[in-house]
Amino acid sequence: MVKRVWCAVLVLVLAVVVQTGCTSKQKTAEKTADSAGNGAPQSAEARPPRNPLRNAYFGDLHLHTSYSMDAFAFSTRTTPEDSCKYAMGETVEYMGKPVKRIAPLDFLAVTDHAEYLGVVRETINPNGPFANTEWYKMMTSTDPKVSGEAFKKLIGSTVVNKPLPEFTDPKLAQSAWEQYAAVADKYYKPGKFTSFVGFEWTSAPQNQNLHRCVIFANKGPAMPFSSFDSQDPEKLWEYLEWQRKQGLEVIAVPHNANVSNGLMFDTKDLSGKPLTREYAERRMANEPLAEIIQGKGQSDTSAALSPNDEFANFEMFTYLIGTNIKAKSATGSYLRQAYGVGQALQQKLGVNPFKYGVEAGTDFHSGVSSTEPSNYVGSHGNQDSDPRAVVTATESVSGEPPTAIGSGGLTGVWAEENTREAIFSAFKRKETFGTSGVRLKVRVFASWKYPRGLTKNPDWVKTAYADGVPMGGDLSAPSGKGGPTFLLHAVKDPDSGNLDRIQIIKVTTRKGKSQEKIFDAVWSGDRKPDPRTGKVPPVSNTVDVKTATYTNNIGSVELLGEWTDPEFDPSANVTYYARVLEIPTPRWSTYWAAKLNMPPNPAVPAFEQQRAWTSPIWYTPTNGAR
Amino acid sequence: MSVSPIVPIEAQPVIERSRLGQDFPSTLKCWLREPLLHFLVLGLVVFAVYGYMHRGRGGVESSRQIALTLDDLRTMESYFESQWHRPPTPEEFNAMVEDKVREEVLYREALAMGLDKDDTIVKRRMAQKMQFLAEDVAAAHEPSTAELKAWFDKNSSKFALPSRYSFRHLYFSPDRRGKNAQEDAAKALVRIAGQPEDSKLVASLADQFMFQDYYGDRAPEALAKEFGPQFVVALEKLQPGSWQGPIESGYGWHLVFVDTVIPGRIPAFEEMEPDVKTAWLGEQKAQAWHKAYADMRAKYSVFLPAPPDKQSASAPTPPPKKQIPAPSGEGPL
């Protein structure tokens with residue numbers, strides 16, 4: 001036996017030595033050829049030129065694969081590689097079926113849960129570290145009750161935030177993490193497709209959601225930070241700050257404020273102390289963006305908080321995640337209100353802790369960013385893989401029925417090119433927008449000095465940048481009388497509905513008190529605003545629910561216009577952001593019902609107006625003006 | 001048990017190497033080609049491997065000594081830092097070292113008691129290591145350019161590049177023309193027939209497009225993202241060199257002047273060498289493993305009980321054993 005091992009080792013060593021010898025010779029030969037001018041290799045595909053006026057790119061910044069414990073529990077078996085392939089437009093297999101996007105995405109961050117990342121899927125590997133353990137037996141049990149219990153135990157440990165030691169073994173965790181992070185580097189094709197290293201920090205004290213997606217600009221960290229390390233966002237920021245000291249640029253993105261029960265935009269920190277200036281500065285340095293929509297609902301506003309907003313009631317999700325408890329508090333759970341609260345805090349502390357730009361993602365636990373309503377494939381493995389059950393179920397034992405999950409969200413960025421550097425810079429300067437999953441493009445600029453009719457000039461974008469600020473920016477001190485002028489431009493998704501209107505949502509804060517007002521700024525057709533309310537009447541509806549079809553013979557392909565604030569008060573803090581609405585189109589659940597020739601699920605609307613929200617532009621009065 | 005750190009032995013050779021490299025580059029190259037050196041190096045490696053394999057099992061001293069290298073300590077420290085974002089305190093560091101020592105002590109004691117025998121986890125872990133070993137042999141072999149090229153010639157279809165289109169287009173907007181957009185485009189086509197692609201007349205007939213009027217060198221996939229898939233299907237049928245259309249996109253109607261079409265092609269090896277190497281390596285690893293396993297598997301006979309049938313349920317005799325052949329190709333069962 002010993003002899004045999006000896007022989008094997010000798011052969012191996014010999015092979016290595018001989019091959020290494022070859023290599024050094026080969027390399028020398030190549031170098032000589034190069035210096036002799038034998039032609040440098042040409043790049044196979046020319047990279048599109050940089051556009052200094054920036055292009056819109058779309059991506060998903062929130063996606064789970066089988067590396068997430070819960071997704072794995074739902075029988076999702078896709079890997080981060082599958083996610084990249086699907087985003088790039090390739091066909092991958094999901095729940096036993098081939099799936100493919102109609103339009104590929106430009107960028108992607110897979111953000112699996114940091115807790116047990118990549119470890120739980122090892123439990124069913126007969127050659128893995130759990131082989132022959134109780135876990136292996138339970139997880140591979142043919143009795144769904146047994147495997148269900150095992151998952152309950154696992155998920156339960158994350159809910160109460162008490163890690164099971166066998167799943168946090170450092171060696172296992174590290175090897176899974178390295179494998180996972182390497183995928184983002186492998187699929188990054190500058191100019192064509194950008195993949196970021198990311199993970200989700202899954203903190204939810206008493207089921208109140210404080211989750212953040214963490215996204216790295218370039219290389220990933222040695223290890224992620226999980227809620228087992230700490231449930232306090234300030235500790236997460238400590239981790240991010242430490243990563244920056246190591247030379248890794250990184251941001252955190254809070255999501256699902258809508259199910260935080262008021263915790264996400266609370267005026268107190270997690271320990272119950274009032275927010276301080278230092279806290280506000282730190283929060284904004286670490287979190288430039290917030291997720292405005294994803295599968296589990298939008299976090300812009302609710303009908304209760306915005307009673308005058310007739311479009312507020314869109315993709316609502318009110319159950320605390322994974323429970324059948326309804327969120328009690330809308331206050332502190334939505335961005336629009338937080339913009340006002342942030343401005344009031346700014347007047348007190350000197351810094352606005354909620355000066356968030358916006359982005360969006362799917363949060364699908366399927367490994368595939370299936371955001372196209374007509375091409376939606378489900379989002380949570382076996383939880384919504386049976387179309388008939390999904391189309392009929394109006395309630396569920398825990399939380400919302402699967403039909404309540406929307407077809408996600410996408411982040412739009414304005415960047416010079418499709419590279420990690422350009423896109424991450426857009427995140428940092430908040431030149432971003434979030435959509436309900438469509439590839440609708442929108443841009444906003446503001447200034448005091450744009451001449452009237454500027455958008456008629458084909459070069460208007462150049463002037464817009466030169467003489468004003470894009471979304472995510474701050475207006476300078478006012479010059480002259482009157483309010484700032486906004487340039488607004490939206491172009492439809494070539495695979496979706498035409499556009500209804502662009503609105504400006506204005507949140508004004510005077511002496512600590514905030515109010516919101518919505519202005520219709522640019523709209524399609526020849527509709528006249530109601531002289532009393534100033535509101536443009538609703539666009540008509542072409543949706544045929546039975547066949548799940550619509551026609552683009554109403555609405556506009558493109559909306560371009562200018563809007564000047566008629567009620568500007570230079571002494572108040574203001575947050576301005578734009579919302580773009582499409583004409584009504586069938587919801588994904590209506591496409592599913594039509595395919596089965598069944599009526600759509602009554603628990604959700606049959607059609608809705610897909611939309612986009614931009615990052616705001618802020619106005620802060622100088623001390624003199626206030 | 002007390003722990004005394006070992007002086008780092010690799011510090012000295014590092015300095016030696018760099019000095020050699022600077023002062024005697026040509027001498028070094030000569031040395032590297034020297035077969036005697038290869039032999040000596042090989043001998044050293046064999047000696048080291050032998051020593052490693054027999055540590056803790058051979059003489060009395062080695063089984064009672066636990067030596068941690070500077071690298072071990074550094075790895076422990078950096079792992080701690082990645083978790084806690086600060087270096088460990090001396091107490092924490094000692095505790096980590098003691099943990100490591102405990103693991104090693106228990107491991108050796110367990111080996112001495114023979115606990116590694118008949119343990120499924122140990123068995124599977126070792127089986128897995130065999131696979132890594134086989135794959136590592138493949139990875140250790142640095143391919144020559146000629147080798148890669150030959151492989152590329154056989155597998156070039158995996159690297160096919162899509163066609164690329166350069167075109168100018170005129171946009172007829174349904175926002176401005178309503179239902180007439182298509183018809184207006186068709187009428188405009190008659191007027192501009194024979195005009196150069198950038199003439200003033202041509203531009204005056206159409207509407208301003210929100211993105212670009214000219215797209216250079218774009219793959220169908222990128223164009224489908226921008227214009228919608230139906231536009232690309234239509235574009236692929238157009239002949240270059242004249243105004244054609246109208247064709248429909250997700251935005252409305254277009255007349256298109258295709259300048260050039262670079263047909264899809266198999267790239268030259270030189271353009272793709274890094275990608276080829278990655279793909280080649282993946283295949284080598286898989287092949288190495290399949291072959292290594294097939295060789296090992298061939299040495300074994302496997303016996304399984306025949307499936308029980310109704311008769312055998314009444315008959316108490318054990319079922320006859322049936323030999324199953326080794327699988328022909330595809331890796332482990």
# chains A, B, ... in the order shown; residues from 1 in each chain; ligands from 1
$ residues_around --residues "A:Trp588" --least-positions-apart "4" --cutoff "8 Å" --atoms "only C-alpha atoms" --output "list in words"
Glu372, Pro373, Ser374, Asn375, Tyr376, Gly406, Ser407 and Trp592 of chain A
$ select_by_dssp --residues "stretch 63-168 of chain B" --states "strand (DSSP E or B)" --output "list in words"
Leu161, Arg164, Tyr165, Ser166, Phe167 and Arg168 of chain B
$ residues_around --residues "A:Thr432" --least-positions-apart "3" --cutoff "8 Å" --atoms "only C-alpha atoms" --output "list of chain:residue names"
A:Gly357, A:Val358, A:Glu359, A:Thr411, A:Gly412, A:Val413, A:Trp414, A:Ala426, A:Phe427, A:Met471, A:Gly472, A:Thr614, A:Ser615
$ closest_residue --among "B:Pro220, B:Pro307, B:Pro196, B:Gly241" --to "chain A" --atoms "only C-alpha atoms"
B:Pro220
$ residues_around --residues "stretch 228-230 of chain B" --least-positions-apart "3" --cutoff "10 Å" --atoms "only C-alpha atoms" --output "PyMOL selection string"
(chain A and resi 102-103+493-496) or (chain B and resi 220-225+233-235+247-251)
$ write_last_selection --atoms "N, CA and C atoms" --output "PDB file, in the first residue's frame"
ATOM      1  N   ILE A 102     -36.693  37.943 -22.397  1.00  0.00           N
ATOM      2  CA  ILE A 102     -36.887  38.524 -23.725  1.00  0.00           C
ATOM      3  C   ILE A 102     -35.744  39.500 -23.994  1.00  0.00           C
ATOM      4  N   ALA A 103     -35.524  40.412 -23.082  1.00  0.00           N
ATOM      5  CA  ALA A 103     -34.427  41.378 -23.227  1.00  0.00           C
ATOM      6  C   ALA A 103     -33.414  41.150 -22.115  1.00  0.00           C
ATOM      7  N   ASP A 493     -40.261  51.367 -22.478  1.00  0.00           N
ATOM      8  CA  ASP A 493     -39.590  50.081 -22.680  1.00  0.00           C
ATOM      9  C   ASP A 493     -40.053  49.552 -24.035  1.00  0.00           C
ATOM     10  N   PRO A 494     -39.128  49.219 -24.958  1.00  0.00           N
ATOM     11  CA  PRO A 494     -39.571  48.760 -26.277  1.00  0.00           C
ATOM     12  C   PRO A 494     -40.438  47.496 -26.226  1.00  0.00           C
ATOM     13  N   ASP A 495     -40.410  46.769 -25.093  1.00  0.00           N
ATOM     14  CA  ASP A 495     -41.238  45.562 -24.977  1.00  0.00           C
ATOM     15  C   ASP A 495     -42.409  45.756 -24.028  1.00  0.00           C
ATOM     16  N   SER A 496     -42.772  47.001 -23.712  1.00  0.00           N
ATOM     17  CA  SER A 496     -43.865  47.170 -22.758  1.00  0.00           C
ATOM     18  C   SER A 496     -44.815  48.278 -23.219  1.00  0.00           C
TER      19      SER A 496
ATOM     20  N   PRO B 220     -26.585  41.719 -32.645  1.00  0.00           N
ATOM     21  CA  PRO B 220     -28.048  41.639 -32.627  1.00  0.00           C
ATOM     22  C   PRO B 220     -28.626  41.718 -31.213  1.00  0.00           C
ATOM     23  N   GLU B 221     -27.935  41.064 -30.271  1.00  0.00           N
ATOM     24  CA  GLU B 221     -28.420  41.023 -28.895  1.00  0.00           C
ATOM     25  C   GLU B 221     -28.500  42.437 -28.301  1.00  0.00           C
ATOM     26  N   ALA B 222     -27.467  43.261 -28.566  1.00  0.00           N
ATOM     27  CA  ALA B 222     -27.449  44.624 -28.038  1.00  0.00           C
ATOM     28  C   ALA B 222     -28.545  45.454 -28.703  1.00  0.00           C
ATOM     29  N   LEU B 223     -28.772  45.215 -29.985  1.00  0.00           N
ATOM     30  CA  LEU B 223     -29.810  45.971 -30.700  1.00  0.00           C
ATOM     31  C   LEU B 223     -31.207  45.562 -30.236  1.00  0.00           C
ATOM     32  N   ALA B 224     -31.372  44.295 -29.922  1.00  0.00           N
ATOM     33  CA  ALA B 224     -32.681  43.832 -29.450  1.00  0.00           C
ATOM     34  C   ALA B 224     -33.020  44.486 -28.118  1.00  0.00           C
ATOM     35  N   LYS B 225     -31.993  44.678 -27.294  1.00  0.00           N
ATOM     36  CA  LYS B 225     -32.191  45.345 -26.017  1.00  0.00           C
ATOM     37  C   LYS B 225     -32.671  46.775 -26.244  1.00  0.00           C
ATOM     38  N   VAL B 233     -35.052  41.088 -35.968  1.00  0.00           N
ATOM     39  CA  VAL B 233     -35.468  40.061 -36.935  1.00  0.00           C
ATOM     40  C   VAL B 233     -35.604  40.698 -38.323  1.00  0.00           C
ATOM     41  N   ALA B 234     -36.209  41.901 -38.365  1.00  0.00           N
ATOM     42  CA  ALA B 234     -36.398  42.590 -39.642  1.00  0.00           C
ATOM     43  C   ALA B 234     -35.057  43.100 -40.190  1.00  0.00           C
ATOM     44  N   LEU B 235     -34.243  43.629 -39.310  1.00  0.00           N
ATOM     45  CA  LEU B 235     -32.948  44.198 -39.727  1.00  0.00           C
ATOM     46  C   LEU B 235     -32.062  43.148 -40.389  1.00  0.00           C
ATOM     47  N   ILE B 247     -39.365  49.307 -41.217  1.00  0.00           N
ATOM     48  CA  ILE B 247     -39.441  48.199 -40.263  1.00  0.00           C
ATOM     49  C   ILE B 247     -39.845  48.747 -38.896  1.00  0.00           C
ATOM     50  N   GLU B 248     -40.478  47.912 -38.088  1.00  0.00           N
ATOM     51  CA  GLU B 248     -41.044  48.377 -36.825  1.00  0.00           C
ATOM     52  C   GLU B 248     -40.154  48.020 -35.635  1.00  0.00           C
ATOM     53  N   SER B 249     -40.044  48.977 -34.717  1.00  0.00           N
ATOM     54  CA  SER B 249     -39.343  48.713 -33.452  1.00  0.00           C
ATOM     55  C   SER B 249     -40.353  48.884 -32.320  1.00  0.00           C
ATOM     56  N   GLY B 250     -39.885  48.788 -31.110  1.00  0.00           N
ATOM     57  CA  GLY B 250     -40.741  49.039 -29.960  1.00  0.00           C
ATOM     58  C   GLY B 250     -41.119  50.502 -29.829  1.00  0.00           C
ATOM     59  N   TYR B 251     -40.534  51.381 -30.670  1.00  0.00           N
ATOM     60  CA  TYR B 251     -40.803  52.819 -30.579  1.00  0.00           C
ATOM     61  C   TYR B 251     -41.619  53.356 -31.746  1.00  0.00           C
TER      62      TYR B 251
END
$ interface_residues --of "chain B" --to "chain A" --cutoff "8 Å" --atoms "only C-alpha atoms" --output "JSON, numbers by chain"
{"B": [38, 42, 45, 46, 82, 83, 85, 120, 121, 124, 125, 128, 137, 140, 141, 142, 143, 144, 145, 161, 173, 174, 175, 208, 210, 217, 221, 224, 225, 226, 227, 228, 229, 249, 250, 251, 252, 267, 270, 271, 272]}
